[in-house]
2 protein chains.
Amino acid sequence: MTVAVHGVGTSRFGRQLDRSAASLACEAIVEALEDAGTREVDAVWVGSVYGEMGVAQRALHRLGITGVPIIRVENACASGSTAFHEAREAVRTGRYERVLAVGVEHMTSRFTGPIDPEPLDPEGRAGLALPALYALAASRYLSEGAVTEEQLAAVAVKNRRHGVSNPRAQHAGEVTLDEVLSSRLVADPLTRLQCTSITDGAAAAVLGPARGDTREVVVESSVLRSGALWDYRSEHVWGYDIVAETAAAAREQAGIELADVDLLEVHDAFTIGEIVTTEAVGLAAHGEGGALAASGETAIGGRIPVNPSGGLLSRGHPLGATGLAQVAEAVWQLRGEAGGRQVEGARRALVETMGGGVSGIDGNACVVAVLAR
Amino acid sequence: MTVAVHGVGTSRFGRQLDRSAASLACEAIVEALEDAGTREVDAVWVGSVYGEMGVAQRALHRLGITGVPIIRVENACASGSTAFHEAREAVRTGRYERVLAVGVEHMTSRFTGPIDPEPLDPEGRAGLALPALYALAASRYLSEGAVTEEQLAAVAVKNRRHGVSNPRAQHAGEVTLDEVLSSRLVADPLTRLQCTSITDGAAAAVLGPARGDTREVVVESSVLRSGALWDYRSEHVWGYDIVAETAAAAREQAGIELADVDLLEVHDAFTIGEIVTTEAVGLAAHGEGGALAASGETAIGGRIPVNPSGGLLSRGHPLGATGLAQVAEAVWQLRGEAGGRQVEGARRALVETMGGGVSGIDGNACVVAVLAR
């Protein structure tokens, strides 16, 4: 059964202490349902990391969506993508006709400062919270000559420029290379403007069997994998292998080559993340992802735009919502509804999200999906 | 595709500060894999409420289960049942051949005293934590003459007696009606011995296509539903409707009547819970569940044993593990491996778990499954 996305919606993204998780989820769900032209769904998958028990049920009750199965999933930063993946599988296997996937995270009500290391997480206890883990990858790249500090910063410049045309992004303005490099150091070599933010937001999608509608976006593939325990002696930095393997499987399931893809929305929680990901999915050889980012080829108007939405560096990163926000962007792009950030003629998009840290305790998951018009 | 449970396993249950969630999960998974005679699975569903991100991944890594999809689900007290349900659906729809469902909760590392009300939960803020919500149902039953205090207490006496033969239960000894009634009042009319406990533990099951093995237990049905917003003016107490509807759907999916069931494992987090549930599933008419519990008919050796494992009142209630611990008990019973608590000639079991509170915010979910030999 071919599965289509019939509607998407998101809230605005940013610190929103005036809004509740339920309110944000409602906003995204209502937009997605209206976009899909339906008010009824047969099942709901909810992605959220820090949300309380049944985090989306208040929103769903408010909208009269009761009685149907509601399944909340968590897969670290890939929680929203996991909800999307499971919703697609539910339609593909014939379990349900109309499935709602929703992701929501209200992080400001949980975190007042930087994210504390999880107490049972050995990396976290060693000070290796996620910014530090990504910084280690960036340091290795720098020491190998596989990237320059300017190339790292170029990712932030590009994505913040894209984000200028994204009215729902947390961060609105352009930044210069100098501003990125001279912003506060978070985890050497990653500066503040190379890191995503604490964000409140929600995103949703309505999936169902493809009907051949002109507006519908088909899910050509969606693959979910967990990673193996990473080892510093590995040939690649942390995260490369799981993204490479998941993306290869997603291309194979869709029956396409990367050359058939017109744009990518990838997990740029940190600048090095986008660079490693573009290499892992095959856009650039090892050590050439930084140059690619600096070249303009992955900017809107370039050969293969990466993160035309502005990515997590602009949109922010409401963990459970992020994957579905990426899907929403892909759908808008493929329909030609992306306004000032439209990738002209986009017919196929690849969406990638990776969640978790090095070790098992805080999870390691990757979802790659291919969507096409 | 008919789905079978090929192996089950659990840890011991109780306060286990010397054990980690990963260690408990490992114990349950290893037993389930050995029971199933396999070391490989194609996908994993994990049920946990309070577990950290990727709570089971450390255990899975330790066992070499990497690369496969791992999906953590949360559905309040029905989280383990949701993992079981999703694992069954994954096999039934042909997504995977060998699926591991695991539930784990290490509650003592999270709660040092009674569970705090969730800060955004209006019932919790009003002091209506779950013991109080169940107590309101019990009070209504008392005021309607639908139950007596002695009948409520009889549930605890019965289940603790069953639990004497369950070597993995948190609470080992028998209790008398007087002891139950005179134990500390938690939420009027529910006394301490009528409430389940803070528990650490894990449980697991390996599911796959039925092969016709003599030991295998077939999943005849599994239904998951969420509830509607409950209203105090409802004809039934909170929880009755969702259990009744889910159980009816599960019987229909299995093509059986309740008379075809030989034993039930149900959600007796509080004594009133078992009474309402036996009425909701149709074992007793409204107002007669208490008399049924006191009659001995639902004791081992009676007409239709309920909670031969000792239930949550004996086993304890490690939220994410509970549903899979119930499934494990059903499997042991149907195979004739339940030792001193064996229900003679048991061929079919019904398993029920309900999660969440009155309102949407803390979720409301029910899973009912029918297993048969």
# chains A, B, ... in the order shown; residues from 1 in each chain; ligands from 1
>>> calpha_fit_and_write(fixed="chain A", moving="chain B", output="short mmCIF file (atom, residue, chain, number, x, y, z; two decimals) with C-alpha atoms, in the first residue's frame")
data_model
loop_
_atom_site.label_atom_id
_atom_site.label_comp_id
_atom_site.auth_asym_id
_atom_site.auth_seq_id
_atom_site.Cartn_x
_atom_site.Cartn_y
_atom_site.Cartn_z
CA MET B 1 -0.03 0.00 -0.01
CA THR B 2 1.45 3.36 -0.99
CA VAL B 3 1.19 5.86 1.83
CA ALA B 4 0.70 9.58 1.36
CA VAL B 5 0.93 12.58 3.62
CA HIS B 6 -2.43 14.31 3.26
CA GLY B 7 -1.82 17.15 5.65
CA VAL B 8 0.83 18.78 7.79
CA GLY B 9 0.87 21.47 10.43
CA THR B 10 3.16 23.02 12.98
CA SER B 11 3.08 25.58 15.71
CA ARG B 12 5.53 28.44 15.83
CA PHE B 13 8.84 27.44 17.37
CA GLY B 14 10.63 29.17 20.19
CA ARG B 15 10.51 29.73 23.92
CA GLN B 16 6.79 29.91 24.60
CA LEU B 17 6.11 30.01 28.30
CA ASP B 18 2.68 31.46 27.54
CA ARG B 19 1.70 28.24 25.79
CA SER B 20 1.21 24.72 27.12
CA ALA B 21 2.28 21.54 25.38
CA ALA B 22 -1.42 20.81 24.78
CA SER B 23 -1.99 24.20 23.23
CA LEU B 24 1.00 23.83 20.91
CA ALA B 25 -0.06 20.31 19.97
CA CYS B 26 -3.60 21.53 19.25
CA GLU B 27 -2.31 24.21 16.93
CA ALA B 28 -0.23 21.75 14.91
CA ILE B 29 -2.96 19.09 14.82
CA VAL B 30 -5.69 21.50 13.74
CA GLU B 31 -3.55 22.79 10.90
CA ALA B 32 -2.69 19.25 9.78
CA LEU B 33 -6.32 18.08 9.91
CA GLU B 34 -7.54 21.13 7.98
CA ASP B 35 -4.76 20.65 5.47
CA ALA B 36 -5.86 17.03 5.05
CA GLY B 37 -9.52 18.00 4.86
CA THR B 38 -10.59 15.65 7.61
CA ARG B 39 -11.54 15.84 11.25
CA GLU B 40 -11.36 12.14 11.98
CA VAL B 41 -8.44 9.82 12.44
CA ASP B 42 -8.30 6.13 13.27
CA ALA B 43 -5.16 6.13 15.39
CA VAL B 44 -2.55 8.52 16.73
CA TRP B 45 1.19 8.22 17.25
CA VAL B 46 2.75 10.84 19.50
CA GLY B 47 6.46 11.68 19.65
CA SER B 48 7.74 13.32 22.81
CA VAL B 49 10.82 12.94 24.97
CA TYR B 50 10.17 15.02 28.06
CA GLY B 51 6.39 15.23 27.84
CA GLU B 52 4.44 13.95 30.78
CA MET B 53 2.41 10.77 30.65
CA GLY B 54 -0.15 11.03 27.87
CA VAL B 55 1.28 14.38 26.83
CA ALA B 56 -0.89 14.80 23.74
CA GLN B 57 -4.12 13.42 25.13
CA ARG B 58 -5.38 16.73 26.49
CA ALA B 59 -5.00 18.25 23.02
CA LEU B 60 -6.65 15.25 21.41
CA HIS B 61 -9.56 15.32 23.86
CA ARG B 62 -10.06 19.01 23.17
CA LEU B 63 -10.37 18.16 19.48
CA GLY B 64 -12.76 15.28 20.11
CA ILE B 65 -10.22 12.65 19.11
CA THR B 66 -11.06 10.02 21.73
CA GLY B 67 -11.47 6.28 21.84
CA VAL B 68 -8.92 5.63 19.12
CA PRO B 69 -5.56 4.04 19.91
CA ILE B 70 -2.99 6.61 21.02
CA ILE B 71 0.61 5.45 21.22
CA ARG B 72 3.32 7.71 22.51
CA VAL B 73 6.83 6.93 21.34
CA GLU B 74 10.25 8.12 22.45
CA ASN B 75 13.46 7.79 20.50
CA ALA B 76 15.49 10.77 21.75
CA CYS B 77 15.83 13.45 19.04
CA ALA B 78 14.22 11.09 16.54
CA SER B 79 10.98 10.78 18.53
CA GLY B 80 8.88 12.80 16.08
CA SER B 81 10.38 10.87 13.18
CA THR B 82 9.57 7.65 14.98
CA ALA B 83 5.93 8.73 15.31
CA PHE B 84 5.94 9.51 11.57
CA HIS B 85 7.58 6.18 10.76
CA GLU B 86 5.12 4.21 12.83
CA ALA B 87 2.16 6.11 11.37
CA ARG B 88 3.40 5.30 7.90
CA GLU B 89 3.87 1.64 8.82
CA ALA B 90 0.36 1.53 10.27
CA VAL B 91 -1.12 2.71 6.97
CA ARG B 92 1.25 0.67 4.82
CA THR B 93 0.38 -2.57 6.57
CA GLY B 94 -3.34 -1.85 6.47
CA ARG B 95 -3.83 -1.37 10.20
CA TYR B 96 -5.50 2.03 9.83
CA GLU B 97 -6.76 4.32 7.08
CA ARG B 98 -6.19 7.77 8.57
CA VAL B 99 -3.38 8.14 11.02
CA LEU B 100 -2.25 11.24 12.85
CA ALA B 101 1.38 11.62 13.81
CA VAL B 102 2.08 14.42 16.25
CA GLY B 103 5.24 15.55 17.97
CA VAL B 104 5.34 17.95 20.87
CA GLU B 105 7.86 19.26 23.34
CA HIS B 106 7.62 22.04 25.87
CA MET B 107 11.23 22.31 26.88
CA THR B 108 11.27 25.67 28.62
CA SER B 109 8.95 24.33 31.31
CA ARG B 110 11.45 21.55 31.93
CA PHE B 111 14.81 23.20 31.39
CA THR B 112 15.71 26.56 32.74
CA GLY B 113 19.33 26.30 31.69
CA PRO B 114 21.39 23.88 29.63
CA ILE B 115 20.14 20.32 29.62
CA ASP B 116 21.43 18.49 32.66
CA PRO B 117 23.25 15.26 31.99
CA GLU B 118 21.01 12.32 32.70
CA PRO B 119 22.13 10.92 36.03
CA LEU B 120 22.62 7.36 34.78
CA ASP B 121 24.30 8.39 31.54
CA PRO B 122 28.05 7.86 31.82
CA GLU B 123 28.84 10.38 29.07
CA GLY B 124 26.65 12.95 30.73
CA ARG B 125 28.29 12.33 34.08
CA ALA B 126 31.66 12.87 32.44
CA GLY B 127 30.46 16.22 31.13
CA LEU B 128 29.80 14.79 27.70
CA ALA B 129 26.33 16.18 27.22
CA LEU B 130 25.31 16.30 23.58
CA PRO B 131 27.07 19.58 22.69
CA ALA B 132 30.29 18.03 23.97
CA LEU B 133 29.74 14.79 22.04
CA TYR B 134 29.25 16.72 18.83
CA ALA B 135 32.23 18.89 19.72
CA LEU B 136 34.43 15.79 19.96
CA ALA B 137 33.37 14.84 16.44
CA ALA B 138 34.14 18.37 15.26
CA SER B 139 37.53 18.28 16.99
CA ARG B 140 38.40 15.02 15.30
CA TYR B 141 37.42 16.47 11.95
CA LEU B 142 39.57 19.52 12.62
CA SER B 143 42.54 17.46 13.69
CA GLU B 144 42.20 15.26 10.61
CA GLY B 145 42.00 18.29 8.37
CA ALA B 146 38.55 17.10 7.35
CA VAL B 147 36.94 20.44 8.09
CA THR B 148 37.94 24.01 8.94
CA GLU B 149 36.44 26.23 11.60
CA GLU B 150 35.15 28.49 8.83
CA GLN B 151 33.45 25.57 7.10
CA LEU B 152 31.75 24.59 10.34
CA ALA B 153 30.54 28.15 10.76
CA ALA B 154 29.38 28.25 7.14
CA VAL B 155 26.65 25.74 7.99
CA ALA B 156 25.20 28.15 10.53
CA VAL B 157 25.45 31.09 8.14
CA LYS B 158 23.66 29.13 5.41
CA ASN B 159 20.91 27.75 7.61
CA ARG B 160 20.23 31.02 9.38
CA ARG B 161 19.96 32.67 5.98
CA HIS B 162 17.42 30.04 4.95
CA GLY B 163 15.58 30.59 8.22
CA VAL B 164 14.99 34.25 7.42
CA SER B 165 12.18 33.09 5.14
CA ASN B 166 10.74 30.70 7.72
CA PRO B 167 8.18 32.70 9.71
CA ARG B 168 7.85 29.97 12.32
CA ALA B 169 11.55 29.65 13.10
CA GLN B 170 12.88 30.46 16.55
CA HIS B 171 15.76 32.53 15.19
CA ALA B 172 14.90 35.11 12.61
CA GLY B 173 18.00 36.94 11.50
CA GLU B 174 20.98 36.31 9.32
CA VAL B 175 24.38 35.88 10.94
CA THR B 176 27.84 36.45 9.50
CA LEU B 177 30.75 34.07 9.58
CA ASP B 178 32.49 36.36 12.08
CA GLU B 179 29.43 36.47 14.32
CA VAL B 180 29.24 32.69 14.32
CA LEU B 181 32.92 32.23 15.06
CA SER B 182 33.02 34.92 17.75
CA SER B 183 29.84 33.88 19.55
CA ARG B 184 30.24 32.34 22.99
CA LEU B 185 32.09 29.04 23.06
CA VAL B 186 29.78 26.21 24.13
CA ALA B 187 31.98 23.18 23.55
CA ASP B 188 35.21 23.71 21.68
CA PRO B 189 35.13 24.22 18.69
CA LEU B 190 31.35 24.71 18.64
CA THR B 191 30.21 28.24 19.39
CA ARG B 192 26.73 29.25 20.48
CA LEU B 193 25.53 30.03 16.96
CA GLN B 194 26.58 26.54 15.89
CA CYS B 195 24.24 24.93 18.39
CA THR B 196 20.47 24.60 18.25
CA SER B 197 18.27 25.89 21.07
CA ILE B 198 15.87 24.98 23.82
CA THR B 199 12.55 25.16 21.99
CA ASP B 200 8.83 24.71 22.56
CA GLY B 201 6.78 23.55 19.63
CA ALA B 202 4.67 20.93 17.96
CA ALA B 203 4.24 19.46 14.51
CA ALA B 204 1.78 17.01 13.00
CA ALA B 205 1.03 15.04 9.87
CA VAL B 206 -2.00 13.12 8.64
CA LEU B 207 -1.17 10.00 6.68
CA GLY B 208 -3.33 7.66 4.67
CA PRO B 209 -3.37 5.53 1.54
CA ALA B 210 -2.29 7.44 -1.57
CA ARG B 211 -5.33 8.49 -3.62
CA GLY B 212 -3.60 10.12 -6.54
CA ASP B 213 -4.61 13.64 -5.46
CA THR B 214 -2.59 16.36 -7.11
CA ARG B 215 -1.53 17.85 -3.77
CA GLU B 216 -0.56 14.65 -2.07
CA VAL B 217 2.98 13.80 -1.16
CA VAL B 218 3.88 10.13 -1.24
CA VAL B 219 6.13 8.47 1.33
CA GLU B 220 8.43 6.47 -0.93
CA SER B 221 10.31 5.03 2.00
CA SER B 222 10.86 5.32 5.72
CA VAL B 223 13.50 3.40 7.60
CA LEU B 224 14.16 3.33 11.34
CA ARG B 225 17.30 1.86 12.85
CA SER B 226 19.07 1.85 16.15
CA GLY B 227 22.83 2.07 16.36
CA ALA B 228 25.53 -0.12 17.72
CA LEU B 229 27.75 1.00 20.58
CA TRP B 230 30.19 3.48 19.11
CA ASP B 231 33.91 3.23 19.79
CA TYR B 232 36.41 6.05 19.48
CA ARG B 233 38.60 3.77 17.39
CA SER B 234 35.87 3.56 14.75
CA GLU B 235 36.76 4.61 11.24
CA HIS B 236 34.03 7.26 11.34
CA VAL B 237 32.92 9.71 13.97
CA TRP B 238 29.97 8.97 16.17
CA GLY B 239 26.71 9.03 14.22
CA TYR B 240 28.16 8.56 10.75
CA ASP B 241 27.55 4.83 10.47
CA ILE B 242 23.96 4.77 11.65
CA VAL B 243 23.02 7.64 9.33
CA ALA B 244 24.87 6.09 6.38
CA GLU B 245 23.24 2.71 6.87
CA THR B 246 19.76 4.07 7.45
CA ALA B 247 19.98 6.42 4.48
CA ALA B 248 21.22 3.64 2.21
CA ALA B 249 18.33 1.45 3.30
CA ALA B 250 15.87 4.30 2.70
CA ARG B 251 17.20 4.92 -0.81
CA GLU B 252 16.97 1.23 -1.56
CA GLN B 253 13.42 0.97 -0.23
CA ALA B 254 12.43 3.96 -2.38
CA GLY B 255 14.33 2.59 -5.37
CA ILE B 256 16.15 5.84 -5.96
CA GLU B 257 19.63 7.31 -6.06
CA LEU B 258 20.69 10.38 -4.16
CA ALA B 259 20.86 12.18 -7.51
CA ASP B 260 17.08 11.81 -7.67
CA VAL B 261 16.65 13.90 -4.51
CA ASP B 262 16.01 17.63 -4.84
CA LEU B 263 16.42 18.73 -1.24
CA LEU B 264 17.27 17.39 2.19
CA GLU B 265 16.08 18.25 5.66
CA VAL B 266 18.68 16.84 8.05
CA HIS B 267 19.51 16.87 11.72
CA ASP B 268 21.72 19.95 12.16
CA ALA B 269 21.42 20.23 15.93
CA PHE B 270 25.06 21.31 15.65
CA THR B 271 26.93 22.48 12.56
CA ILE B 272 29.18 19.42 12.56
CA GLY B 273 25.99 17.32 12.51
CA GLU B 274 24.98 18.62 9.11
CA ILE B 275 28.49 18.14 7.76
CA VAL B 276 28.78 14.54 8.96
CA THR B 277 25.26 13.83 7.73
CA THR B 278 25.83 15.16 4.23
CA GLU B 279 28.87 12.90 4.06
CA ALA B 280 27.00 9.93 5.52
CA VAL B 281 24.10 10.18 3.09
CA GLY B 282 26.55 10.42 0.21
CA LEU B 283 26.34 14.08 -0.83
CA ALA B 284 30.03 14.51 -0.15
CA ALA B 285 33.01 12.24 0.39
CA HIS B 286 34.58 12.06 3.84
CA GLY B 287 36.29 15.33 4.60
CA GLU B 288 34.43 17.21 1.90
CA GLY B 289 31.15 17.97 3.67
CA GLY B 290 32.52 21.20 5.11
CA ALA B 291 33.68 22.45 1.73
CA LEU B 292 30.28 21.52 0.31
CA ALA B 293 28.50 23.62 2.94
CA ALA B 294 30.80 26.56 2.26
CA SER B 295 30.47 26.24 -1.52
CA GLY B 296 26.88 27.36 -1.74
CA GLU B 297 25.82 24.15 -3.43
CA THR B 298 23.65 23.20 -0.46
CA ALA B 299 22.07 26.64 -0.19
CA ILE B 300 18.68 27.42 -1.71
CA GLY B 301 19.39 28.05 -5.37
CA GLY B 302 22.37 25.71 -5.23
CA ARG B 303 22.66 22.23 -6.70
CA ILE B 304 21.10 20.37 -3.79
CA PRO B 305 19.68 22.51 -0.96
CA VAL B 306 20.14 21.15 2.55
CA ASN B 307 17.82 22.43 5.26
CA PRO B 308 15.91 25.03 3.25
CA SER B 309 13.72 25.48 6.34
CA GLY B 310 16.74 26.85 8.16
CA GLY B 311 17.17 23.53 9.92
CA LEU B 312 17.33 23.08 13.64
CA LEU B 313 19.83 25.93 13.81
CA SER B 314 17.03 28.32 12.79
CA ARG B 315 13.85 26.49 13.73
CA GLY B 316 15.10 25.37 17.10
CA HIS B 317 14.86 21.81 18.39
CA PRO B 318 11.72 20.78 20.26
CA LEU B 319 12.91 17.18 20.44
CA GLY B 320 9.67 15.28 19.90
CA ALA B 321 8.41 17.74 17.30
CA THR B 322 11.55 18.09 15.21
CA GLY B 323 11.14 15.08 12.91
CA LEU B 324 7.58 16.03 12.05
CA ALA B 325 8.59 19.65 11.50
CA GLN B 326 11.14 18.37 9.00
CA VAL B 327 8.43 16.31 7.30
CA ALA B 328 6.15 19.36 7.21
CA GLU B 329 8.89 21.38 5.52
CA ALA B 330 9.45 18.61 2.97
CA VAL B 331 5.73 18.51 2.19
CA TRP B 332 5.49 22.28 1.79
CA GLN B 333 8.54 22.27 -0.47
CA LEU B 334 7.21 19.46 -2.64
CA ARG B 335 3.87 21.22 -3.01
CA GLY B 336 5.56 24.51 -3.88
CA GLU B 337 4.17 26.16 -0.77
CA ALA B 338 7.44 27.12 0.91
CA GLY B 339 7.27 30.82 0.10
CA GLY B 340 10.55 32.71 0.15
CA ARG B 341 12.54 29.56 0.87
CA GLN B 342 11.03 27.50 -1.95
CA VAL B 343 13.38 25.11 -3.73
CA GLU B 344 12.28 25.52 -7.32
CA GLY B 345 10.91 22.43 -8.98
CA ALA B 346 11.37 20.23 -5.93
CA ARG B 347 9.87 16.80 -6.55
CA ARG B 348 11.62 14.60 -4.03
CA ALA B 349 12.95 15.24 -0.52
CA LEU B 350 15.01 13.21 1.93
CA VAL B 351 14.40 13.72 5.64
CA GLU B 352 16.88 12.53 8.27
CA THR B 353 16.81 12.68 12.05
CA MET B 354 19.24 11.06 14.47
CA GLY B 355 18.62 10.72 18.16
CA GLY B 356 20.68 9.85 21.18
CA GLY B 357 24.24 9.74 22.29
CA VAL B 358 27.19 7.42 22.04
CA SER B 359 26.13 4.73 24.43
CA GLY B 360 22.97 2.80 24.83
CA ILE B 361 21.56 4.49 27.86
CA ASP B 362 20.36 7.62 26.14
CA GLY B 363 19.42 5.88 22.97
CA ASN B 364 20.64 5.98 19.45
CA ALA B 365 18.15 5.97 16.65
CA CYS B 366 17.94 7.23 13.10
CA VAL B 367 15.00 7.68 10.77
CA VAL B 368 15.39 8.48 7.10
CA ALA B 369 12.36 9.01 4.90
CA VAL B 370 12.00 9.81 1.22
CA LEU B 371 8.99 11.88 0.19
CA ALA B 372 7.97 12.66 -3.35
CA ARG B 373 5.32 14.51 -5.26
#
>>> select_by_dssp(residues="stretch 164-332 of chain B", states="strand (DSSP E or B)", output="NGL selection string")
:B and (185-187 or 190-191 or 195 or 200-209 or 217-226 or 263-265 or 270 or 306)
>>> write_last_selection(atoms="N, CA and C atoms", output="short mmCIF file (atom, residue, chain, number, x, y, z; two decimals), in the first residue's frame")
data_model
loop_
_atom_site.label_atom_id
_atom_site.label_comp_id
_atom_site.auth_asym_id
_atom_site.auth_seq_id
_atom_site.Cartn_x
_atom_site.Cartn_y
_atom_site.Cartn_z
N LEU B 185 -4.56 4.07 56.43
CA LEU B 185 -5.45 4.60 55.40
C LEU B 185 -4.63 5.45 54.41
N VAL B 186 -4.74 5.11 53.14
CA VAL B 186 -4.04 5.87 52.10
C VAL B 186 -4.98 6.91 51.50
N ALA B 187 -6.12 6.47 51.06
CA ALA B 187 -7.13 7.37 50.49
C ALA B 187 -8.46 6.70 50.76
N LEU B 190 -9.57 3.30 50.81
CA LEU B 190 -8.50 2.36 50.46
C LEU B 190 -7.36 2.41 51.47
N THR B 191 -7.11 1.28 52.09
CA THR B 191 -6.01 1.17 53.05
C THR B 191 -4.75 0.70 52.32
N CYS B 195 -3.54 -1.16 48.14
CA CYS B 195 -2.84 -0.38 47.11
C CYS B 195 -1.59 -1.14 46.69
N ASP B 200 10.49 -1.96 41.34
CA ASP B 200 11.47 -2.05 40.25
C ASP B 200 11.33 -3.42 39.61
N GLY B 201 11.37 -3.45 38.30
CA GLY B 201 11.28 -4.76 37.65
C GLY B 201 11.21 -4.64 36.15
N ALA B 202 11.31 -5.78 35.51
CA ALA B 202 11.26 -5.84 34.05
C ALA B 202 10.59 -7.14 33.63
N ALA B 203 10.03 -7.12 32.44
CA ALA B 203 9.41 -8.31 31.87
C ALA B 203 9.56 -8.25 30.36
N ALA B 204 9.56 -9.40 29.73
CA ALA B 204 9.80 -9.44 28.29
C ALA B 204 9.06 -10.60 27.66
N ALA B 205 8.81 -10.47 26.37
CA ALA B 205 8.19 -11.54 25.60
C ALA B 205 8.77 -11.53 24.19
N VAL B 206 8.92 -12.72 23.63
CA VAL B 206 9.36 -12.85 22.24
C VAL B 206 8.18 -13.36 21.43
N LEU B 207 7.82 -12.60 20.40
CA LEU B 207 6.66 -12.95 19.59
C LEU B 207 7.09 -13.27 18.16
N GLY B 208 6.34 -14.12 17.53
CA GLY B 208 6.61 -14.45 16.14
C GLY B 208 5.41 -15.17 15.55
N PRO B 209 5.48 -15.50 14.28
CA PRO B 209 4.38 -16.25 13.66
C PRO B 209 4.18 -17.59 14.37
N VAL B 217 2.05 -20.33 22.79
CA VAL B 217 0.80 -19.72 23.22
C VAL B 217 0.42 -18.70 22.14
N VAL B 218 -0.77 -18.82 21.64
CA VAL B 218 -1.22 -17.98 20.53
C VAL B 218 -1.91 -16.72 21.07
N VAL B 219 -1.64 -15.60 20.42
CA VAL B 219 -2.33 -14.36 20.76
C VAL B 219 -3.60 -14.31 19.90
N GLU B 220 -4.71 -14.64 20.49
CA GLU B 220 -5.96 -14.67 19.72
C GLU B 220 -6.47 -13.26 19.42
N SER B 221 -6.16 -12.34 20.31
CA SER B 221 -6.53 -10.95 20.03
C SER B 221 -5.75 -10.02 20.94
N SER B 222 -5.63 -8.80 20.49
CA SER B 222 -5.05 -7.74 21.32
C SER B 222 -5.63 -6.43 20.83
N VAL B 223 -6.26 -5.71 21.73
CA VAL B 223 -6.91 -4.45 21.37
C VAL B 223 -6.40 -3.34 22.29
N LEU B 224 -6.10 -2.22 21.68
CA LEU B 224 -5.63 -1.04 22.42
C LEU B 224 -6.58 0.11 22.14
N ARG B 225 -7.05 0.75 23.20
CA ARG B 225 -7.91 1.92 23.02
C ARG B 225 -7.52 3.02 24.00
N SER B 226 -7.82 4.23 23.61
CA SER B 226 -7.72 5.33 24.56
C SER B 226 -9.14 5.68 25.00
N LEU B 263 -8.90 -18.00 32.89
CA LEU B 263 -8.32 -17.17 33.95
C LEU B 263 -8.10 -15.76 33.42
N LEU B 264 -8.04 -14.81 34.32
CA LEU B 264 -7.78 -13.43 33.94
C LEU B 264 -6.63 -12.87 34.76
N GLU B 265 -5.79 -12.10 34.11
CA GLU B 265 -4.83 -11.24 34.81
C GLU B 265 -5.28 -9.82 34.55
N PHE B 270 -5.33 -1.16 42.64
CA PHE B 270 -6.08 -0.95 43.87
C PHE B 270 -7.23 -1.95 43.88
N VAL B 306 -9.05 -14.99 39.02
CA VAL B 306 -8.61 -13.67 38.61
C VAL B 306 -7.31 -13.34 39.34
#
>>> select_by_dssp(residues="stretch 36-95 of chain A", states="alpha helix (DSSP H)", output="ChimeraX atom specification")
/A:36,57-62,79-92
